[in-house]
Amino acid sequence: MRTIAITNQKGGCGKTTTAVNLAAVFALRGVRTLIVDLDPQAHATIAFGVDPERIVSGIYDTLVNKSTPISDTIISGNLSGLDISPANGLLSRAEPEPTFCVGLEYVLGQRLAQVKNDYDICILDCSPSLSLLTVNALTAADEVIIPVQTHYYALEGLKQLLRTISIVTARTNPQLCILGVVLTLVESRTLLSRDIEQQLRDYFGDIIFKTVIHRNVTLAEAPSAGESVITYNPKSRGALEYMGLAEEVFKYESKSRITKESLVNI
C-alpha cells in the first residue's frame with residue numbers, strides 16, 4: 001500500500017481539498033483507495049458525505065485503543081472504490097491520551113499495517129500543525145505532498161516544514177521522500193501570485209509540481225454538496241487540474257523526487 005501524507009502546518013492552503021480530490025481521482029481510476037482524516041476539524045470526512053457527529057468508531061478510537069483495529073473505523077464513502085477512516089472532534093484529545101503516547105510516532109503506522117493488503121493507496125489528510133498526529137503521519141508515509149498557497153509567507157513556512165521532514169527522515173522514517181509541492185489558490189492575473197510562483201520555482205526547482213491549482217469557485221462549492229470536485233463538476237477547471245496533478249503523482253510513483261540528502265542546504 002502506497003501511503004502519501006498531505007501536509008502543511010499553515011491552514012487555508014488547500015490541504016484537505018488536495019487530499020480529497022486526489023483520493024477521488026485514484027478511486028475513479030479503479031485504485032483501491034483509503035483516506036485517513038487526521039484533522040479534528042473532520043473536513044475530509046464531511047467532503048465524502050459522512051457526518052462526524054454520527055461516527056460510531058473513527059481514527060481516534062484506533063489511535064488510543066490497541067484493541068480497536070483500524071478496520072473497525074473504516075467506512076465506505078459516497079464514491080465507489082474509496083473508503084475513509086473518519087475523524088470528529090474527539091481527535092483533538094488524542095495527543096494527551098496516555099495510551100497514544102506509548103510508541104509515540106509509530107502508532108498510526110502500526111495501525112495502517114493491519115490493512116496494507118486491502119488497499120493500493122492511502123491518503124493521510126493531516127491537521128494544519130506540526131503536532132504528534134502530523135509526525136505520526138510522516139512516520140507512517142512513504143511520500144509527502146505539500147500544498148502551498150502563493151502568498152508572501154509561503155516560502156518561509158515551506159522551509160520550516162522541509163526542516164521538520166528532514167528531522168523525521170533522520171529519526172523515525174529514513175525512507176520518507178517528498179513527492180512534491182503543489183501550488184494552490186493560484187491567481188495568475190495578479191502580479192504578486194505570479195512573482196511568488198516564480199520565486200518558489202527558482203528556489204526549489206523540480207520539487208514544485210508542474211500542475212498548479214487555481215482559485216476556483218467550484219472547489220469551494222463541492223464540499224457543501226458532500227462531494228469531491230471530481231464528481232461534483234468533472235468538467236470544471238478545478239477538477240481538470242486535480243486530474244492533471246494525479247497524473248504527475250502516478251508518474252513519480254516509483255522514484256523519489258526529493259530525499260533527505262536533498263534537504264541538507266535548505
# chains A, B, ... in the order shown; residues from 1 in each chain; ligands from 1
>>> residues_around(residues="region 75-90 of chain A", least_positions_apart="2", cutoff="7 Å", atoms="only C-alpha atoms", output="ChimeraX atom specification")
/A:27,30-42,45,48-49,52-53,58-60,73,92-93
>>> write_last_selection(atoms="C-alpha atoms", output="mmCIF file, in the first residue's frame")
data_model
loop_
_atom_site.group_PDB
_atom_site.id
_atom_site.type_symbol
_atom_site.label_atom_id
_atom_site.label_comp_id
_atom_site.auth_asym_id
_atom_site.auth_seq_id
_atom_site.Cartn_x
_atom_site.Cartn_y
_atom_site.Cartn_z
ATOM 1 C CA ALA A 27 -10.750 5.747 -6.815
ATOM 2 C CA GLY A 30 -10.044 1.771 -10.115
ATOM 3 C CA VAL A 31 -7.328 2.149 -7.488
ATOM 4 C CA ARG A 32 -8.368 0.765 -4.092
ATOM 5 C CA THR A 33 -8.125 3.947 -2.029
ATOM 6 C CA LEU A 34 -8.239 4.696 1.688
ATOM 7 C CA ILE A 35 -8.266 8.233 3.060
ATOM 8 C CA VAL A 36 -7.475 8.777 6.730
ATOM 9 C CA ASP A 37 -8.734 12.026 8.250
ATOM 10 C CA LEU A 38 -6.173 13.174 10.829
ATOM 11 C CA ASP A 39 -7.664 16.639 11.303
ATOM 12 C CA PRO A 40 -10.059 17.198 14.258
ATOM 13 C CA GLN A 41 -11.998 19.609 12.030
ATOM 14 C CA ALA A 42 -13.020 16.498 10.021
ATOM 15 C CA THR A 45 -14.806 13.276 6.459
ATOM 16 C CA PHE A 48 -17.301 12.468 1.378
ATOM 17 C CA GLY A 49 -20.766 12.868 2.836
ATOM 18 C CA PRO A 52 -18.690 13.429 12.019
ATOM 19 C CA GLU A 53 -21.316 13.552 14.775
ATOM 20 C CA GLY A 58 -13.238 6.743 13.991
ATOM 21 C CA ILE A 59 -9.484 7.137 13.641
ATOM 22 C CA TYR A 60 -9.334 8.480 17.208
ATOM 23 C CA THR A 73 -13.131 2.500 11.888
ATOM 24 C CA SER A 92 -8.176 16.815 19.275
ATOM 25 C CA ARG A 93 -7.863 14.820 22.518
#
>>> residues_around(residues="Glu248 (chain A)", least_positions_apart="2", cutoff="12 Å", atoms="only C-alpha atoms", output="ChimeraX atom specification")
/A:22,145,179-182,207-212,241-246,250-255,257
>>> residues_around(residues="region 186-200 of chain A", least_positions_apart="5", cutoff="6 Å", atoms="only C-alpha atoms", output="ChimeraX atom specification")
/A:150,214-215
>>> write_last_selection(atoms="N, CA and C atoms", output="short mmCIF file (atom, residue, chain, number, x, y, z; two decimals), in the first residue's frame")
data_model
loop_
_atom_site.label_atom_id
_atom_site.label_comp_id
_atom_site.auth_asym_id
_atom_site.auth_seq_id
_atom_site.Cartn_x
_atom_site.Cartn_y
_atom_site.Cartn_z
N THR A 150 0.17 30.54 -2.93
CA THR A 150 1.12 31.51 -3.47
C THR A 150 0.93 32.87 -2.79
N HIS A 214 -5.61 26.54 -9.50
CA HIS A 214 -6.06 27.93 -9.45
C HIS A 214 -7.25 28.10 -8.50
N ARG A 215 -7.38 29.30 -8.00
CA ARG A 215 -8.57 29.63 -7.20
C ARG A 215 -9.80 29.44 -8.08
#
>>> residues_around(residues="Glu221 (chain A)", least_positions_apart="5", cutoff="12 Å", atoms="only C-alpha atoms", output="VMD selection string")
chain A and resid 17 47 215 to 216 226 to 233 236 238
>>> residues_around(residues="region 162-176 of chain A", least_positions_apart="2", cutoff="6 Å", atoms="only C-alpha atoms", output="number ranges by chain")
A: 139, 142-143, 159-160, 260
>>> write_last_selection(atoms="C-alpha atoms", output="tab-separated table (two decimals), in the first residue's frame")
chain	number	residue	atom	x	y	z
A	139	THR	CA	6.46	8.42	10.09
A	142	ASP	CA	6.17	6.70	2.01
A	143	GLU	CA	5.83	10.12	0.43
A	159	LYS	CA	11.34	25.89	4.52
A	160	GLN	CA	10.25	25.24	8.14
A	260	LYS	CA	16.77	13.65	2.90
